[in-house]
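K.L.:
Handing you this structure, nothing more for now.
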Amino acid sequence: MTERLAAVAAVLDEPGQANPYLLGVYAPVHEETTAENLKVIGEIPRDLNGVHLRNGPNPRHPVHGRYHWFDGDGMVHAVHFENGRARYRNRYVRTAAFAAESAAGRALWSGVMEDPSGNPPGNTHGIALKDSANTDVIFHRGRVLATWYLCGTPYSLDPLSLETLGAETFLDTLAGDMMAHPKVDERTGELFWFDYGPRPPFLRYGVVGPAGRVEHCVELDLPGARLPHDMAITERYAILMDLPLFQDQAAARQGRYKLTFDRALPARFGVIPRRGSAAEIRWFEANPCYIYHVVNAWEEGEEIILDVCRVSRPAPRGSGGPLARMLSYLKLDARMYRYRFDLRTGRTTEGHTDPERNTEFPSIDARRTGAPTRYAYNVSVKDAETNLFDGLVRYDNVTGERQEHRFGPHRYGSEASFAPRDGGTGEDDGYLVTFVTDEREGASEVQVLDAADLAAGPVARVLLPTRVPLGFHATWVRADQLRTAGERG
Ligand SMILES: [Fe+2]
């Protein structure tokens, strides 16, 4: 541990004291800003039209107990490109918990590193942590859904004003919660999701139809409570995961949050027809691991390809003080990995596609979700105590080629979204868009790169009037999708 972090660790026993995830590039911003006529270095391409949105944690009140990066209130930062100009705005997601804490004038929930037993209720599974909607943003049926990693209420936002339109109930058809990373099939208009919790049913899988109603929902049998984070779809199937990383139940009874990784158990992947019954799921076994994020999946004949960022040693390695434990909890250390599930034989084939680089937060051309993709756009994870993304990596599945863009010393980015060029159909015929923050200057910008040539560096850097703290997931909404959103009102 470095000297600086040892010093931080010394004060972490005092709840709410210095914590690296509340400082520097992670420090919350307190203003909600709207800014136009932004200064640009380079030139914003005229055929880049749409909005890049990114969610992330931004604690609004002084922290109640020890803070973990995942605890902060959801805040969405967005940059809207139109005819060579850019506008920026950031807004909190107005969740029920946000309203309750606003009324109280203080934090009411402690975070994941504290005993939650004194907290107000959280999600429908009885997890007494704040449902902050801070994790992902998904565009579906003209609205942006802000979601939460432990399963919560999805909140609808207007994609341009970022106004919170309310809890998304899918016309009163959603029972229970939704996980952070539902998948949208643009061709059918469907949204695929799951919900998990500490008590049976441990996993539910569902489909929202193109008319915005939950049309399918099944309970799936798991050997016990799991912590799935993501899922995949193909043309005919959905893929769910049973991975051997659990919350330690003995620790939970003592009010402690501890994760256990059981190497004796396989990783299991459940392949279920998109509208299939629980009895139709087929489980494929693989070597034990944990997976936060899926790149994409698709079918090749009677074989399913699943590309992921795979974590081989997911259990927290920190021993000793609270800082070490906090920093090691869900620290990203993943490699690009491919599974093949043979529907004829039930056999799994698996292996690294990039065993070297720690890359995560993958993006693809969202129009191809569930269909074959050649390119993946990931962030590279710096070897540091906290989660820092120091560049972008483009993977080419066909040639194995890797392109890279580094943000430069002391500059860190967030998940990049792929923005198709107006009228472009190719999966690298467009741009990558990401927020980048300079640790020394405390300043942020939006970088726009040619998705076919990352090494050339940004074609445009849009300078922002306010810092954008590092955060979680992003999405791109095209101008044609924004028009549809406007027509829906
Ligand atoms: Fe995630």
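FYI, nothing fancy with the structure tokens labels: chains A, B, ... in order, residues from 1 per chain, ligands from 1 as they appear.
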Considering only C-alpha atoms, return as a PyMOL selection string whatever protein or nucleic-acid residues lie within 6 Å of Ala474 in chain A, sequence-local ones (same chain, fewer than 6 positions apart) excluded.
P.N.:
chain A and resi 53-54+415
K.L.:
Extract the full set of alpha helix (DSSP H) residues from range 30-106 of chain A according to DSSP on the backbone, and format it as a list of chain:residue names.
P.N.:
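Those in range 30-106 of chain A that DSSP calls alpha helix (DSSP H) are A:Ala96, A:Ala97, A:Phe98, A:Ala99, A:Ala100, A:Glu101, A:Ser102, A:Ala103, A:Ala104.
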K.L.:
Could you take the residues named above and write them with C-alpha atoms, as an mmCIF file, in the first residue's frame?
P.N.:
```cif
data_model
loop_
_atom_site.group_PDB
_atom_site.id
_atom_site.type_symbol
_atom_site.label_atom_id
_atom_site.label_comp_id
_atom_site.auth_asym_id
_atom_site.auth_seq_id
_atom_site.Cartn_x
_atom_site.Cartn_y
_atom_site.Cartn_z
ATOM 1 C CA ALA A 96 -37.604 7.974 -4.306
ATOM 2 C CA ALA A 97 -34.510 7.781 -2.085
ATOM 3 C CA PHE A 98 -33.252 11.110 -3.478
ATOM 4 C CA ALA A 99 -36.600 12.692 -2.520
ATOM 5 C CA ALA A 100 -36.521 11.147 0.960
ATOM 6 C CA GLU A 101 -32.984 12.399 1.614
ATOM 7 C CA SER A 102 -33.860 15.820 0.196
ATOM 8 C CA ALA A 103 -36.768 16.056 2.649
ATOM 9 C CA ALA A 104 -34.535 14.960 5.527
#
```
K.L.:
Can you tell me which residues come within 9 Å of ligand 1 when counting only C-alpha atoms and all ligand atoms, ideally as a list of chain:residue names?
P.N.:
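Answer in the requested format: A:Thr135, A:Asp136, A:Trp148, A:Tyr149, A:Ala180, A:His181, A:His229, A:Asp230, A:Tyr292, A:His293, A:Phe361, A:Phe472, A:His473.
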K.L.:
Could you please determine the separation between CA of Ile127 in chain A and CA of Gln247 in chain A in Å, to one decimal place?
P.N.:
12.3 Å
K.L.:
Per residue of range 78-158 of chain A within 8 Å of range 26-41 of chain A, what are the shortest atom pair and its distance in Å to one decimal, counting only C-alpha atoms, with rows by chain and residue number, as JSON lines?
P.N.:
```
{"residue": "A:Arg85", "atom": "CA", "partner": "A:Asn37", "partner_atom": "CA", "distance": 7.3}
{"residue": "A:Ala86", "atom": "CA", "partner": "A:Leu38", "partner_atom": "CA", "distance": 6.5}
{"residue": "A:Arg87", "atom": "CA", "partner": "A:Glu36", "partner_atom": "CA", "distance": 4.6}
{"residue": "A:Tyr88", "atom": "CA", "partner": "A:Ala35", "partner_atom": "CA", "distance": 5.2}
{"residue": "A:Arg89", "atom": "CA", "partner": "A:Thr34", "partner_atom": "CA", "distance": 4.4}
{"residue": "A:Asn90", "atom": "CA", "partner": "A:Glu32", "partner_atom": "CA", "distance": 5.5}
{"residue": "A:Arg91", "atom": "CA", "partner": "A:Glu32", "partner_atom": "CA", "distance": 5.5}
{"residue": "A:Tyr92", "atom": "CA", "partner": "A:Glu32", "partner_atom": "CA", "distance": 7.6}
```
K.L.:
Using only C-alpha atoms, which residues of range 84-117 of chain A come within 9 Å of range 56-68 of chain A, and what is the closest atom pair for each, with the distance in Å to one decimal? Give it as a tab-separated table, sorted by chain and residue number.
P.N.:
```
residue	atom	partner	partner_atom	distance
A:Tyr92	CA	A:Asn58	CA	8.2
A:Phe98	CA	A:Arg60	CA	8.6
A:Glu101	CA	A:His61	CA	8.1
A:Ser102	CA	A:His61	CA	8.8
A:Gly105	CA	A:His61	CA	7.7
A:Arg106	CA	A:His61	CA	5.5
A:Ala107	CA	A:His61	CA	5.5
A:Leu108	CA	A:His64	CA	7.3
A:Trp109	CA	A:His64	CA	6.7
A:Ser110	CA	A:His64	CA	5.0
A:Gly111	CA	A:Tyr67	CA	6.0
A:Val112	CA	A:His68	CA	6.6
A:Met113	CA	A:Arg66	CA	6.2
A:Glu114	CA	A:Arg66	CA	6.5
```
K.L.:
Next, dump the selected residues to file, keeping only N, CA and C atoms, as a JSON list (two decimals), in the first residue's frame.
P.N.:
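Resulting contents of result_7.json:
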```
[["chain", "number", "residue", "atom", "x", "y", "z"],
["A", 92, "TYR", "N", -29.09, 15.07, -11.44],
["A", 92, "TYR", "CA", -29.33, 13.91, -10.58],
["A", 92, "TYR", "C", -30.52, 13.13, -11.11],
["A", 98, "PHE", "N", -33.73, 9.73, -3.32],
["A", 98, "PHE", "CA", -33.25, 11.11, -3.48],
["A", 98, "PHE", "C", -34.26, 12.07, -2.84],
["A", 101, "GLU", "N", -34.15, 11.76, 1.02],
["A", 101, "GLU", "CA", -32.98, 12.40, 1.61],
["A", 101, "GLU", "C", -33.05, 13.92, 1.46],
["A", 102, "SER", "N", -33.67, 14.37, 0.36],
["A", 102, "SER", "CA", -33.86, 15.82, 0.20],
["A", 102, "SER", "C", -34.75, 16.35, 1.31],
["A", 105, "GLY", "N", -32.84, 16.33, 4.46],
["A", 105, "GLY", "CA", -31.68, 17.22, 4.44],
["A", 105, "GLY", "C", -30.39, 16.52, 4.80],
["A", 106, "ARG", "N", -30.38, 15.19, 4.72],
["A", 106, "ARG", "CA", -29.16, 14.44, 5.06],
["A", 106, "ARG", "C", -29.26, 13.03, 4.46],
["A", 107, "ALA", "N", -28.11, 12.32, 4.50],
["A", 107, "ALA", "CA", -28.10, 10.93, 4.03],
["A", 107, "ALA", "C", -28.87, 10.05, 5.02],
["A", 108, "LEU", "N", -29.74, 9.22, 4.52],
["A", 108, "LEU", "CA", -30.50, 8.31, 5.38],
["A", 108, "LEU", "C", -29.99, 6.88, 5.32],
["A", 109, "TRP", "N", -29.28, 6.55, 4.25],
["A", 109, "TRP", "CA", -28.77, 5.18, 4.07],
["A", 109, "TRP", "C", -27.25, 5.19, 4.25],
["A", 110, "SER", "N", -26.72, 4.17, 4.90],
["A", 110, "SER", "CA", -25.29, 3.93, 4.84],
["A", 110, "SER", "C", -25.03, 3.07, 3.61],
["A", 111, "GLY", "N", -23.75, 2.86, 3.28],
["A", 111, "GLY", "CA", -23.42, 2.16, 2.03],
["A", 111, "GLY", "C", -23.11, 0.70, 2.24],
["A", 112, "VAL", "N", -22.58, 0.12, 1.18],
["A", 112, "VAL", "CA", -22.38, -1.32, 1.12],
["A", 112, "VAL", "C", -21.30, -1.81, 2.09],
["A", 113, "MET", "N", -20.44, -0.91, 2.58],
["A", 113, "MET", "CA", -19.39, -1.32, 3.51],
["A", 113, "MET", "C", -19.85, -1.29, 4.97],
["A", 114, "GLU", "N", -21.08, -0.89, 5.20],
["A", 114, "GLU", "CA", -21.59, -0.76, 6.58],
["A", 114, "GLU", "C", -22.71, -1.77, 6.82]]
```
K.L.:
Skip Thr147 in chain A itself and residues of its chain fewer than 2 positions away, then list as a PyMOL selection string all residues within 9 Å of it, counting only C-alpha atoms.
P.N.:
chain A and resi 55+74+131-138+145+149+151-155+178-182
K.L.:
Next, write the just-selected residues to a file, as a PDB file, in the first residue's frame, keeping N, CA and C atoms as the atom set.
P.N.:
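Contents of the output file result.pdb:
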```pdb
ATOM      1  N   ASN A  55     -23.947   7.551 -16.755  1.00  0.00           N
ATOM      2  CA  ASN A  55     -24.426   7.532 -15.376  1.00  0.00           C
ATOM      3  C   ASN A  55     -23.233   7.356 -14.428  1.00  0.00           C
ATOM      4  N   GLY A  74     -27.288   8.570  -8.134  1.00  0.00           N
ATOM      5  CA  GLY A  74     -27.126   8.564  -9.587  1.00  0.00           C
ATOM      6  C   GLY A  74     -27.151   9.969 -10.157  1.00  0.00           C
ATOM      7  N   ASP A 131     -31.479   2.554  -3.275  1.00  0.00           N
ATOM      8  CA  ASP A 131     -31.696   2.343  -4.707  1.00  0.00           C
ATOM      9  C   ASP A 131     -31.456   3.696  -5.388  1.00  0.00           C
ATOM     10  N   SER A 132     -30.232   3.867  -5.908  1.00  0.00           N
ATOM     11  CA  SER A 132     -29.775   5.176  -6.380  1.00  0.00           C
ATOM     12  C   SER A 132     -29.877   5.344  -7.887  1.00  0.00           C
ATOM     13  N   ALA A 133     -30.208   4.271  -8.627  1.00  0.00           N
ATOM     14  CA  ALA A 133     -30.274   4.321 -10.101  1.00  0.00           C
ATOM     15  C   ALA A 133     -28.980   4.877 -10.694  1.00  0.00           C
ATOM     16  N   ASN A 134     -27.833   4.521 -10.109  1.00  0.00           N
ATOM     17  CA  ASN A 134     -26.569   5.175 -10.478  1.00  0.00           C
ATOM     18  C   ASN A 134     -25.702   4.402 -11.463  1.00  0.00           C
ATOM     19  N   THR A 135     -26.196   3.306 -12.064  1.00  0.00           N
ATOM     20  CA  THR A 135     -25.268   2.376 -12.705  1.00  0.00           C
ATOM     21  C   THR A 135     -25.234   2.449 -14.237  1.00  0.00           C
ATOM     22  N   ASP A 136     -26.374   2.309 -14.889  1.00  0.00           N
ATOM     23  CA  ASP A 136     -26.349   2.298 -16.360  1.00  0.00           C
ATOM     24  C   ASP A 136     -27.444   3.218 -16.893  1.00  0.00           C
ATOM     25  N   VAL A 137     -27.380   3.485 -18.169  1.00  0.00           N
ATOM     26  CA  VAL A 137     -28.417   4.212 -18.905  1.00  0.00           C
ATOM     27  C   VAL A 137     -28.727   3.405 -20.159  1.00  0.00           C
ATOM     28  N   ILE A 138     -30.014   3.134 -20.376  1.00  0.00           N
ATOM     29  CA  ILE A 138     -30.447   2.296 -21.503  1.00  0.00           C
ATOM     30  C   ILE A 138     -31.541   3.033 -22.249  1.00  0.00           C
ATOM     31  N   LEU A 145     -33.548   4.789 -19.495  1.00  0.00           N
ATOM     32  CA  LEU A 145     -33.756   4.177 -18.189  1.00  0.00           C
ATOM     33  C   LEU A 145     -32.456   4.254 -17.399  1.00  0.00           C
ATOM     34  N   TYR A 149     -27.276  -1.451  -9.852  1.00  0.00           N
ATOM     35  CA  TYR A 149     -26.584  -2.746  -9.977  1.00  0.00           C
ATOM     36  C   TYR A 149     -27.109  -3.831  -9.051  1.00  0.00           C
ATOM     37  N   CYS A 151     -30.215  -4.397  -8.413  1.00  0.00           N
ATOM     38  CA  CYS A 151     -31.611  -4.547  -8.837  1.00  0.00           C
ATOM     39  C   CYS A 151     -32.468  -3.513  -8.122  1.00  0.00           C
ATOM     40  N   GLY A 152     -33.105  -2.673  -8.898  1.00  0.00           N
ATOM     41  CA  GLY A 152     -33.936  -1.639  -8.319  1.00  0.00           C
ATOM     42  C   GLY A 152     -35.026  -1.226  -9.270  1.00  0.00           C
ATOM     43  N   THR A 153     -35.583  -0.055  -8.973  1.00  0.00           N
ATOM     44  CA  THR A 153     -36.608   0.525  -9.830  1.00  0.00           C
ATOM     45  C   THR A 153     -35.912   1.244 -10.973  1.00  0.00           C
ATOM     46  N   PRO A 154     -36.209   0.896 -12.226  1.00  0.00           N
ATOM     47  CA  PRO A 154     -35.647   1.712 -13.296  1.00  0.00           C
ATOM     48  C   PRO A 154     -36.367   3.065 -13.341  1.00  0.00           C
ATOM     49  N   TYR A 155     -35.599   4.120 -13.549  1.00  0.00           N
ATOM     50  CA  TYR A 155     -36.197   5.464 -13.637  1.00  0.00           C
ATOM     51  C   TYR A 155     -36.096   5.964 -15.066  1.00  0.00           C
ATOM     52  N   MET A 178     -35.462  -4.565 -11.437  1.00  0.00           N
ATOM     53  CA  MET A 178     -34.740  -4.829 -12.686  1.00  0.00           C
ATOM     54  C   MET A 178     -33.251  -4.629 -12.424  1.00  0.00           C
ATOM     55  N   MET A 179     -32.438  -5.473 -13.044  1.00  0.00           N
ATOM     56  CA  MET A 179     -30.993  -5.332 -12.857  1.00  0.00           C
ATOM     57  C   MET A 179     -30.448  -4.170 -13.673  1.00  0.00           C
ATOM     58  N   ALA A 180     -29.121  -3.960 -13.594  1.00  0.00           N
ATOM     59  CA  ALA A 180     -28.532  -2.752 -14.184  1.00  0.00           C
ATOM     60  C   ALA A 180     -28.440  -2.794 -15.707  1.00  0.00           C
ATOM     61  N   HIS A 181     -28.278  -3.992 -16.289  1.00  0.00           N
ATOM     62  CA  HIS A 181     -27.893  -4.046 -17.708  1.00  0.00           C
ATOM     63  C   HIS A 181     -28.880  -4.819 -18.584  1.00  0.00           C
ATOM     64  N   PRO A 182     -30.144  -4.367 -18.642  1.00  0.00           N
ATOM     65  CA  PRO A 182     -31.053  -5.007 -19.595  1.00  0.00           C
ATOM     66  C   PRO A 182     -30.537  -4.837 -21.025  1.00  0.00           C
TER      67      PRO A 182
END
```
K.L.:
As an exercise, work out the distance from CA of Glu163 in chain A to CA of Arg467 in chain A in Å and give it to one decimal place.
P.N.:
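Distance reported for this atom pair: 20.4 Å.
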K.L.:
So that I can see what lies close to range 234-240 of chain A, please list as an NGL selection string the residues with an atom at most 7 Å from it, counting only C-alpha atoms and leaving out residues fewer than 5 positions away in the same chain.
P.N.:
:A and (269-274 or 297-299 or 370-371)
K.L.:
Take the selection from the previous step and output its residues with N, CA and C atoms, as a PDB file, in the first residue's frame.
P.N.:
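Result written to result_19.pdb:
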```
ATOM      1  N   PHE A 269     -23.853 -21.211 -17.471  1.00  0.00           N
ATOM      2  CA  PHE A 269     -24.524 -20.266 -18.370  1.00  0.00           C
ATOM      3  C   PHE A 269     -25.842 -20.892 -18.820  1.00  0.00           C
ATOM      4  N   GLY A 270     -26.935 -20.214 -18.511  1.00  0.00           N
ATOM      5  CA  GLY A 270     -28.259 -20.733 -18.847  1.00  0.00           C
ATOM      6  C   GLY A 270     -28.731 -20.149 -20.172  1.00  0.00           C
ATOM      7  N   VAL A 271     -28.951 -21.025 -21.140  1.00  0.00           N
ATOM      8  CA  VAL A 271     -29.430 -20.593 -22.462  1.00  0.00           C
ATOM      9  C   VAL A 271     -30.915 -20.929 -22.534  1.00  0.00           C
ATOM     10  N   ILE A 272     -31.730 -19.884 -22.668  1.00  0.00           N
ATOM     11  CA  ILE A 272     -33.178 -20.068 -22.644  1.00  0.00           C
ATOM     12  C   ILE A 272     -33.775 -19.395 -23.889  1.00  0.00           C
ATOM     13  N   PRO A 273     -34.725 -20.050 -24.560  1.00  0.00           N
ATOM     14  CA  PRO A 273     -35.378 -19.351 -25.672  1.00  0.00           C
ATOM     15  C   PRO A 273     -35.913 -18.003 -25.178  1.00  0.00           C
ATOM     16  N   ARG A 274     -35.877 -16.990 -26.031  1.00  0.00           N
ATOM     17  CA  ARG A 274     -36.241 -15.632 -25.609  1.00  0.00           C
ATOM     18  C   ARG A 274     -37.561 -15.599 -24.843  1.00  0.00           C
ATOM     19  N   ALA A 297     -23.215 -11.422 -27.760  1.00  0.00           N
ATOM     20  CA  ALA A 297     -23.391 -12.846 -28.043  1.00  0.00           C
ATOM     21  C   ALA A 297     -24.148 -12.976 -29.344  1.00  0.00           C
ATOM     22  N   TRP A 298     -23.968 -14.112 -30.004  1.00  0.00           N
ATOM     23  CA  TRP A 298     -24.718 -14.374 -31.240  1.00  0.00           C
ATOM     24  C   TRP A 298     -24.644 -15.861 -31.556  1.00  0.00           C
ATOM     25  N   GLU A 299     -25.395 -16.241 -32.570  1.00  0.00           N
ATOM     26  CA  GLU A 299     -25.444 -17.642 -32.967  1.00  0.00           C
ATOM     27  C   GLU A 299     -24.652 -17.854 -34.246  1.00  0.00           C
ATOM     28  N   GLY A 370     -26.856  -8.908 -29.923  1.00  0.00           N
ATOM     29  CA  GLY A 370     -27.439 -10.218 -30.208  1.00  0.00           C
ATOM     30  C   GLY A 370     -27.145 -10.734 -31.605  1.00  0.00           C
ATOM     31  N   ALA A 371     -26.444  -9.939 -32.406  1.00  0.00           N
ATOM     32  CA  ALA A 371     -26.052 -10.336 -33.763  1.00  0.00           C
ATOM     33  C   ALA A 371     -24.520 -10.305 -33.840  1.00  0.00           C
TER      34      ALA A 371
END
```
